[in-house]
>>> print(open('query_6.cif').read())   # mmCIF, C-alpha atoms
data_structure
loop_
_atom_site.label_atom_id
_atom_site.label_comp_id
_atom_site.auth_asym_id
_atom_site.auth_seq_id
_atom_site.Cartn_x
_atom_site.Cartn_y
_atom_site.Cartn_z
CA ASP A 1 -165.63 118.31 249.04
CA PRO A 2 -165.05 121.44 251.10
CA LYS A 3 -168.04 122.34 253.23
CA ILE A 4 -167.21 126.03 253.64
CA ILE A 5 -165.86 127.82 250.60
CA GLN A 6 -164.11 131.18 250.76
CA LYS A 7 -163.07 133.11 247.70
CA PRO A 8 -160.56 134.28 246.81
CA LYS A 9 -157.83 132.51 248.75
CA TYR A 10 -155.45 135.46 248.35
CA LEU A 11 -156.27 139.07 247.60
CA VAL A 12 -154.02 142.06 247.02
CA ALA A 13 -155.65 145.48 247.07
CA VAL A 14 -154.65 149.10 246.79
CA THR A 15 -155.28 151.53 249.65
CA GLY A 16 -158.63 153.22 249.21
CA SER A 17 -160.15 150.51 247.03
CA GLU A 18 -163.09 148.22 247.78
CA LYS A 19 -163.16 144.44 247.89
CA ILE A 20 -165.73 141.73 248.54
CA LEU A 21 -164.82 138.51 250.28
CA ILE A 22 -167.06 135.57 249.44
CA CYS A 23 -168.25 132.84 251.82
CA GLU A 24 -170.56 129.92 251.08
CA GLN A 25 -171.32 127.04 253.41
CA TYR A 26 -172.82 123.68 252.50
CA LEU A 27 -173.29 122.33 256.01
CA GLY A 28 -176.95 123.26 256.21
CA HIS A 29 -176.19 125.72 258.99
CA ASN A 30 -178.36 128.69 259.83
CA ALA A 31 -175.78 130.95 261.44
CA MET A 32 -172.69 132.42 259.83
CA TYR A 33 -169.83 134.52 261.16
CA TRP A 34 -166.82 136.55 260.12
CA TYR A 35 -163.55 136.64 262.03
CA ARG A 36 -160.28 138.44 261.40
CA GLN A 37 -156.79 137.22 262.21
CA SER A 38 -154.05 139.84 262.18
CA ALA A 39 -150.41 139.37 263.08
CA LYS A 40 -149.80 139.09 266.83
CA LYS A 41 -153.50 139.48 267.62
CA PRO A 42 -156.03 136.85 268.61
CA LEU A 43 -158.71 135.75 266.21
CA GLU A 44 -161.23 138.55 266.42
CA PHE A 45 -164.98 138.12 266.04
CA MET A 46 -166.52 140.64 263.63
CA PHE A 47 -170.14 139.74 262.75
CA SER A 48 -172.72 137.06 263.20
CA TYR A 49 -175.82 136.38 261.12
CA SER A 50 -178.69 134.05 261.80
CA TYR A 51 -181.27 133.28 259.12
CA GLN A 52 -179.79 136.14 257.11
CA LYS A 53 -180.32 138.67 259.89
CA LEU A 54 -177.53 140.50 261.66
CA MET A 55 -177.24 139.23 265.22
CA ASP A 56 -174.08 140.86 266.49
CA ASN A 57 -171.63 143.42 265.16
CA GLN A 58 -168.32 143.82 266.98
CA THR A 59 -166.66 145.84 264.24
CA ALA A 60 -166.39 149.50 265.02
CA SER A 61 -165.86 150.61 261.45
CA SER A 62 -168.75 150.97 258.99
CA ARG A 63 -166.27 150.21 256.22
CA PHE A 64 -166.97 146.56 256.90
CA GLN A 65 -170.40 145.47 255.66
CA PRO A 66 -171.62 141.88 255.60
CA GLN A 67 -174.02 140.91 252.83
CA SER A 68 -176.26 137.86 252.87
CA SER A 69 -178.03 137.12 249.58
CA LYS A 70 -178.87 133.52 250.53
CA LYS A 71 -179.06 131.63 253.78
CA ASN A 72 -175.81 129.83 253.06
CA HIS A 73 -173.95 132.93 251.85
CA LEU A 74 -172.33 135.65 253.91
CA ASP A 75 -170.04 137.95 251.97
CA LEU A 76 -167.95 140.71 253.48
CA GLN A 77 -167.62 144.03 251.68
CA ILE A 78 -164.72 146.21 252.76
CA THR A 79 -164.57 149.78 251.48
CA ALA A 80 -161.85 152.43 251.62
CA LEU A 81 -159.24 149.78 252.34
CA LYS A 82 -156.32 150.63 254.61
CA PRO A 83 -153.01 148.81 255.13
CA ASP A 84 -154.19 147.97 258.68
CA ASP A 85 -156.97 145.90 257.12
CA SER A 86 -154.34 143.42 255.98
CA ALA A 87 -155.25 140.15 257.68
CA THR A 88 -156.70 136.74 257.08
CA TYR A 89 -160.49 136.80 257.17
CA PHE A 90 -162.25 133.63 258.22
CA CYS A 91 -165.85 132.75 257.68
CA ALA A 92 -167.48 130.27 260.05
CA SER A 93 -170.88 128.68 260.42
CA SER A 94 -172.93 126.86 263.01
CA GLN A 95 -176.31 125.28 263.38
CA ASP A 96 -177.54 128.33 265.29
CA HIS A 97 -178.41 126.57 268.44
CA CYS A 98 -177.38 128.19 271.68
CA GLN A 99 -175.00 125.29 272.26
CA ASP A 100 -173.62 125.07 268.74
CA THR A 101 -170.06 124.57 267.57
CA GLN A 102 -168.65 126.86 264.91
CA TYR A 103 -166.75 125.45 261.96
CA PHE A 104 -164.31 127.57 260.01
CA GLY A 105 -163.62 128.08 256.35
CA PRO A 106 -160.10 128.13 254.88
CA GLY A 107 -159.81 131.92 255.04
CA THR A 108 -159.02 134.74 252.63
CA ARG A 109 -155.65 136.39 253.07
CA LEU A 110 -155.93 140.10 252.28
CA LEU A 111 -152.93 142.34 251.70
CA VAL A 112 -153.53 146.06 251.33
CA LEU A 113 -150.68 148.03 249.78
CA ALA B 1 -166.59 141.24 279.05
CA GLN B 2 -165.18 137.91 278.04
CA LYS B 3 -161.47 137.23 278.11
CA VAL B 4 -159.38 134.18 277.29
CA THR B 5 -155.74 133.87 278.31
CA GLN B 6 -153.20 131.35 277.10
CA THR B 7 -149.90 132.02 278.83
CA GLN B 8 -147.78 129.39 277.08
CA THR B 9 -146.47 130.78 273.81
CA SER B 10 -144.84 127.57 272.62
CA ILE B 11 -144.25 124.00 273.74
CA SER B 12 -141.92 121.38 272.29
CA VAL B 13 -142.49 117.69 272.91
CA VAL B 14 -141.16 114.38 271.74
CA GLU B 15 -143.44 112.22 269.63
CA LYS B 16 -145.65 109.73 271.50
CA THR B 17 -145.53 111.70 274.74
CA THR B 18 -148.26 113.83 276.38
CA VAL B 19 -148.57 117.58 276.08
CA THR B 20 -150.71 119.81 278.29
CA MET B 21 -151.78 123.36 277.47
CA ASP B 22 -153.30 125.90 279.82
CA CYS B 23 -156.18 128.29 279.30
CA VAL B 24 -157.88 130.63 281.73
CA TYR B 25 -161.09 132.48 280.92
CA GLU B 26 -163.21 135.26 282.34
CA THR B 27 -166.95 135.57 282.03
CA ARG B 28 -169.88 136.91 284.03
CA ASP B 29 -172.32 134.41 282.57
CA SER B 30 -173.31 131.31 284.49
CA SER B 31 -173.74 129.42 281.21
CA TYR B 32 -170.89 129.36 278.73
CA PHE B 33 -169.12 127.08 276.30
CA LEU B 34 -165.42 126.41 275.92
CA PHE B 35 -163.69 125.19 272.79
CA TRP B 36 -160.29 124.18 271.57
CA TYR B 37 -159.28 124.63 267.95
CA LYS B 38 -156.03 124.03 266.19
CA GLN B 39 -154.58 125.98 263.29
CA THR B 40 -152.42 123.93 260.97
CA ALA B 41 -149.42 125.14 259.02
CA SER B 42 -151.68 125.71 256.01
CA GLY B 43 -153.78 128.11 258.08
CA GLU B 44 -156.78 125.83 258.41
CA ILE B 45 -158.69 126.17 261.70
CA VAL B 46 -160.00 122.84 262.93
CA PHE B 47 -162.41 122.26 265.81
CA LEU B 48 -161.10 119.71 268.29
CA ILE B 49 -163.17 119.47 271.46
CA ARG B 50 -165.59 121.43 273.63
CA GLN B 51 -166.71 121.66 277.23
CA ASP B 52 -170.09 123.00 278.29
CA SER B 53 -169.96 124.84 281.60
CA TYR B 54 -172.83 122.89 283.15
CA LYS B 55 -171.15 119.53 282.55
CA LYS B 56 -168.98 118.25 285.36
CA GLU B 57 -167.34 115.44 283.41
CA ASN B 58 -164.24 116.36 281.41
CA ALA B 59 -164.75 115.99 277.67
CA THR B 60 -162.68 113.46 275.71
CA VAL B 61 -162.44 113.01 271.94
CA GLY B 62 -159.89 110.59 270.56
CA HIS B 63 -156.49 111.53 271.97
CA TYR B 64 -157.73 114.94 273.11
CA SER B 65 -159.08 115.47 276.61
CA LEU B 66 -159.90 118.46 278.77
CA ASN B 67 -159.08 119.35 282.34
CA PHE B 68 -162.00 121.57 283.33
CA GLN B 69 -161.54 123.30 286.67
CA LYS B 70 -164.56 125.56 286.96
CA PRO B 71 -163.66 127.19 290.32
CA LYS B 72 -160.35 128.27 288.76
CA SER B 73 -161.96 129.28 285.42
CA SER B 74 -159.48 126.97 283.77
CA ILE B 75 -159.80 124.66 280.78
CA GLY B 76 -156.62 122.78 279.93
CA LEU B 77 -156.13 120.67 276.81
CA ILE B 78 -154.28 117.38 277.05
CA ILE B 79 -153.02 115.56 273.98
CA THR B 80 -151.81 112.03 274.61
CA ALA B 81 -149.64 109.91 272.32
CA THR B 82 -148.66 112.95 270.28
CA GLN B 83 -147.83 112.60 266.61
CA ILE B 84 -145.79 114.76 264.29
CA GLU B 85 -149.07 115.86 262.70
CA ASP B 86 -150.16 117.39 266.01
CA SER B 87 -147.67 120.20 265.42
CA ALA B 88 -149.90 123.29 265.15
CA VAL B 89 -151.09 126.36 267.01
CA TYR B 90 -153.79 125.54 269.54
CA PHE B 91 -156.43 128.10 270.40
CA CYS B 92 -158.72 128.16 273.38
CA ALA B 93 -162.03 129.94 272.81
CA MET B 94 -165.22 130.64 274.66
CA ARG B 95 -168.68 131.93 274.05
CA GLU B 96 -171.47 132.80 276.38
CA GLY B 97 -175.05 131.56 276.01
CA GLY B 98 -177.36 132.92 273.36
CA PHE B 99 -177.83 132.46 269.66
CA ALA B 100 -175.13 133.18 267.12
CA GLN B 101 -172.68 134.48 269.68
CA GLY B 102 -169.13 135.13 268.54
CA LEU B 103 -166.18 133.29 270.01
CA THR B 104 -163.52 135.01 272.08
CA PHE B 105 -160.11 133.49 271.40
CA GLY B 106 -156.83 133.32 273.25
CA LEU B 107 -153.53 134.12 271.56
CA GLY B 108 -152.72 130.47 271.02
CA THR B 109 -149.99 128.02 271.99
CA ARG B 110 -147.63 126.71 269.32
CA VAL B 111 -146.92 123.01 269.77
CA SER B 112 -143.99 121.40 268.02
CA VAL B 113 -143.76 117.63 268.06
CA PHE B 114 -140.33 116.17 267.30
CA PRO B 115 -139.39 112.58 266.47
#
>>> encode(input="query_6.cif", output="structure tokens")
Amino acid sequence: DPKIIQKPKYLVAVTGSEKILICEQYLGHNAMYWYRQSAKKPLEFMFSYSYQKLMDNQTASSRFQPQSSKKNHLDLQITALKPDDSATYFCASSQDHCQDTQYFGPGTRLLVL
Amino acid sequence: AQKVTQTQTSISVVEKTTVTMDCVYETRDSSYFLFWYKQTASGEIVFLIRQDSYKKENATVGHYSLNFQKPKSSIGLIITATQIEDSAVYFCAMREGGFAQGLTFGLGTRVSVFP
């Protein structure tokens, strides 16, 4: 069974709309993360949460808002979508130890038209 | 600021041989952690192996091993006895100490293993 679930797998959106990307992990981890992978760019760290509290935010735009309703959930709400937001968004989790290893979900591929 | 550089864009090797990939990093922290991940054709990102900066011994997991040269800020990945299934994009990543720190990734090296 998959340990980190991301929904949906593919998402097509219209410019200006709003979407929520879902992430659930069943690894018993306490820290969760969002990363973005765009064409010809390295995987880019966006947010980290620990025990449902925001730890680090490397995303300049307030259009990206993480939401944590449960310890093993970290959703990503994106508002006022732009074509440049087209990317694959990966959720990851770790035990939240200073020496932890992060494990990645399968990703959500977002296309903004 | 952290930075990770992978200069090799792609490497082609024959099955059952050894492939070596380079990675150079920059950090101001004295304590940091280095990771290698691979991304398969399906897009899945899989953790392979890690090296903690305070450990002198090179990490080894299965047919993956690391060449950690701390004075050169270098962490190379070595894959021995390559298989067709090792064809993927390999990413080097690092994070500094502290809780829930994000990873900084390199651009990746595409490895193609041919029969």
>>> interface_residues(input="query_6.cif", of="chain A", to="chain B", cutoff="9 Å", atoms="all atoms listed in the file", output="MDAnalysis selection string")
chainID A and resid 31:35 40:50 55:56 58 90 94:107
>>> residues_around(input="query_6.cif", residues="Ile5 (chain A)", least_positions_apart="5", cutoff="12 Å", atoms="all atoms listed in the file", output="JSON, numbers by chain")
{"A": [21, 22, 23, 24, 25, 26, 27, 72, 73, 74, 75, 90, 91, 92, 93, 103, 104, 105, 106, 107, 108]}
>>> resolve_selection(input="query_6.cif", expression="the PyMOL selection byres ((chain B and resi 28) around 9)", output="PDB file with C-alpha atoms, keeping the file's coordinate frame")
ATOM      1  CA  ALA B   1    -166.590 141.240 279.050  1.00  0.00           C
ATOM      2  CA  GLN B   2    -165.180 137.910 278.040  1.00  0.00           C
ATOM      3  CA  GLU B  26    -163.210 135.260 282.340  1.00  0.00           C
ATOM      4  CA  THR B  27    -166.950 135.570 282.030  1.00  0.00           C
ATOM      5  CA  ASP B  29    -172.320 134.410 282.570  1.00  0.00           C
ATOM      6  CA  SER B  30    -173.310 131.310 284.490  1.00  0.00           C
ATOM      7  CA  SER B  31    -173.740 129.420 281.210  1.00  0.00           C
ATOM      8  CA  GLU B  96    -171.470 132.800 276.380  1.00  0.00           C
TER       9      GLU B  96
END
>>> closest_residue(input="query_6.cif", among="B:Thr40, B:Thr109, B:Thr20, B:Ser53", to="Ser65 (chain B)", atoms="all atoms listed in the file")
B:Thr20
>>> atom_distance(input="query_6.cif", atom1="CA of Ala80 (chain A)", atom2="CA of Thr15 (chain A)")
6.9 Å
>>> resolve_selection(input="query_6.cif", expression="the PyMOL selection byres ((chain A and resi 63) around 12)", output="PyMOL selection string")
chain A and resi 16-20+59-62+64-66+76-82+85
>>> residues_near_point(input="query_6.cif", point="(-148.0, 112.0, 267.2)", cutoff="12 Å", atoms="all atoms listed in the file", output="ChimeraX atom specification")
/B:13-19,63-64,79-88,111-115
>>> atom_distance(input="query_6.cif", atom1="CA of Lys38 (chain B)", atom2="CA of Val12 (chain A)")
26.4 Å
>>> atom_distance(input="query_6.cif", atom1="CA of Gly76 (chain B)", atom2="CA of Ala59 (chain B)")
10.8 Å
>>> resolve_selection(input="query_6.cif", expression="the PyMOL selection byres ((chain A and resi 111-113) around 6)", output="PyMOL selection string")
chain A and resi 12-15+83+86+110
>>> closest_residue(input="query_6.cif", among="B:Gln51, B:Thr60, B:Thr9, B:Gln69", to="Met94 (chain B)", atoms="all atoms listed in the file")
B:Gln51
>>> decode(input="query_6.cif", residues="region 39-76 of chain A", atoms="N, CA and C atoms", output="short mmCIF file (atom, residue, chain, number, x, y, z; two decimals), in the first residue's frame")
data_model
loop_
_atom_site.label_atom_id
_atom_site.label_comp_id
_atom_site.auth_asym_id
_atom_site.auth_seq_id
_atom_site.Cartn_x
_atom_site.Cartn_y
_atom_site.Cartn_z
N ALA A 39 9.91 22.44 -15.29
CA ALA A 39 10.81 22.06 -16.38
C ALA A 39 12.11 22.85 -16.28
N LYS A 40 13.22 22.13 -16.41
CA LYS A 40 14.56 22.72 -16.44
C LYS A 40 14.94 23.45 -15.16
N LYS A 41 14.24 23.16 -14.07
CA LYS A 41 14.61 23.73 -12.78
C LYS A 41 14.80 22.62 -11.78
N PRO A 42 15.62 22.83 -10.78
CA PRO A 42 15.78 21.78 -9.77
C PRO A 42 14.51 21.68 -8.92
N LEU A 43 14.37 20.56 -8.28
CA LEU A 43 13.31 20.42 -7.28
C LEU A 43 13.46 21.54 -6.27
N GLU A 44 12.36 22.22 -6.01
CA GLU A 44 12.41 23.45 -5.22
C GLU A 44 11.58 23.27 -3.96
N PHE A 45 12.21 23.47 -2.81
CA PHE A 45 11.52 23.38 -1.54
C PHE A 45 10.57 24.56 -1.37
N MET A 46 9.34 24.27 -0.91
CA MET A 46 8.35 25.33 -0.74
C MET A 46 8.04 25.57 0.75
N PHE A 47 7.55 24.53 1.44
CA PHE A 47 7.12 24.67 2.83
C PHE A 47 7.54 23.45 3.64
N SER A 48 7.66 23.67 4.94
CA SER A 48 7.78 22.53 5.83
C SER A 48 6.89 22.77 7.05
N TYR A 49 6.29 21.68 7.53
CA TYR A 49 5.45 21.69 8.71
C TYR A 49 5.95 20.63 9.68
N SER A 50 5.86 20.94 10.95
CA SER A 50 6.19 19.98 11.97
C SER A 50 5.09 20.03 13.03
N TYR A 51 4.50 18.90 13.33
CA TYR A 51 3.38 18.84 14.27
C TYR A 51 2.33 19.90 13.92
N GLN A 52 2.04 20.00 12.65
CA GLN A 52 1.01 20.87 12.11
C GLN A 52 1.32 22.36 12.24
N LYS A 53 2.57 22.69 12.52
CA LYS A 53 2.96 24.09 12.59
C LYS A 53 3.95 24.40 11.47
N LEU A 54 3.77 25.56 10.86
CA LEU A 54 4.67 25.97 9.80
C LEU A 54 6.07 26.20 10.36
N MET A 55 7.05 25.52 9.74
CA MET A 55 8.43 25.67 10.18
C MET A 55 9.23 26.57 9.25
N ASP A 56 8.99 26.43 7.96
CA ASP A 56 9.77 27.20 7.00
C ASP A 56 8.92 27.43 5.75
N ASN A 57 9.02 28.63 5.23
CA ASN A 57 8.29 29.01 4.03
C ASN A 57 9.27 29.64 3.06
N GLN A 58 9.54 28.96 1.95
CA GLN A 58 10.48 29.48 0.96
C GLN A 58 9.74 29.93 -0.31
N THR A 59 8.44 30.07 -0.18
CA THR A 59 7.64 30.49 -1.34
C THR A 59 7.30 31.96 -1.20
N ALA A 60 7.73 32.72 -2.16
CA ALA A 60 7.54 34.17 -2.08
C ALA A 60 6.08 34.58 -2.19
N SER A 61 5.31 33.81 -2.94
CA SER A 61 3.94 34.22 -3.23
C SER A 61 2.97 33.72 -2.18
N SER A 62 2.08 34.62 -1.74
CA SER A 62 1.03 34.25 -0.78
C SER A 62 -0.09 33.48 -1.45
N ARG A 63 0.00 33.29 -2.76
CA ARG A 63 -1.03 32.50 -3.45
C ARG A 63 -0.92 31.02 -3.08
N PHE A 64 0.20 30.66 -2.51
CA PHE A 64 0.41 29.27 -2.10
C PHE A 64 0.22 29.19 -0.59
N GLN A 65 -0.77 28.42 -0.16
CA GLN A 65 -1.09 28.31 1.26
C GLN A 65 -1.20 26.85 1.67
N PRO A 66 -0.30 26.37 2.51
CA PRO A 66 -0.47 25.00 3.02
C PRO A 66 -1.56 24.97 4.07
N GLN A 67 -2.21 23.81 4.17
CA GLN A 67 -3.28 23.63 5.15
C GLN A 67 -3.11 22.26 5.80
N SER A 68 -3.05 22.24 7.12
CA SER A 68 -2.87 20.97 7.83
C SER A 68 -4.03 20.75 8.79
N SER A 69 -4.97 19.88 8.41
CA SER A 69 -6.13 19.61 9.25
C SER A 69 -5.85 18.47 10.24
N LYS A 70 -4.90 17.62 9.89
CA LYS A 70 -4.49 16.52 10.77
C LYS A 70 -2.98 16.39 10.69
N LYS A 71 -2.41 15.70 11.64
CA LYS A 71 -0.95 15.59 11.68
C LYS A 71 -0.40 14.92 10.43
N ASN A 72 -1.18 14.00 9.83
CA ASN A 72 -0.66 13.29 8.68
C ASN A 72 -1.19 13.85 7.35
N HIS A 73 -1.77 15.05 7.41
CA HIS A 73 -2.26 15.71 6.21
C HIS A 73 -1.56 17.05 6.02
N LEU A 74 -1.16 17.32 4.78
CA LEU A 74 -0.69 18.67 4.47
C LEU A 74 -1.12 18.98 3.05
N ASP A 75 -2.21 19.72 2.92
CA ASP A 75 -2.72 20.09 1.61
C ASP A 75 -2.09 21.41 1.17
N LEU A 76 -2.15 21.65 -0.11
CA LEU A 76 -1.60 22.89 -0.67
C LEU A 76 -2.67 23.59 -1.50
#
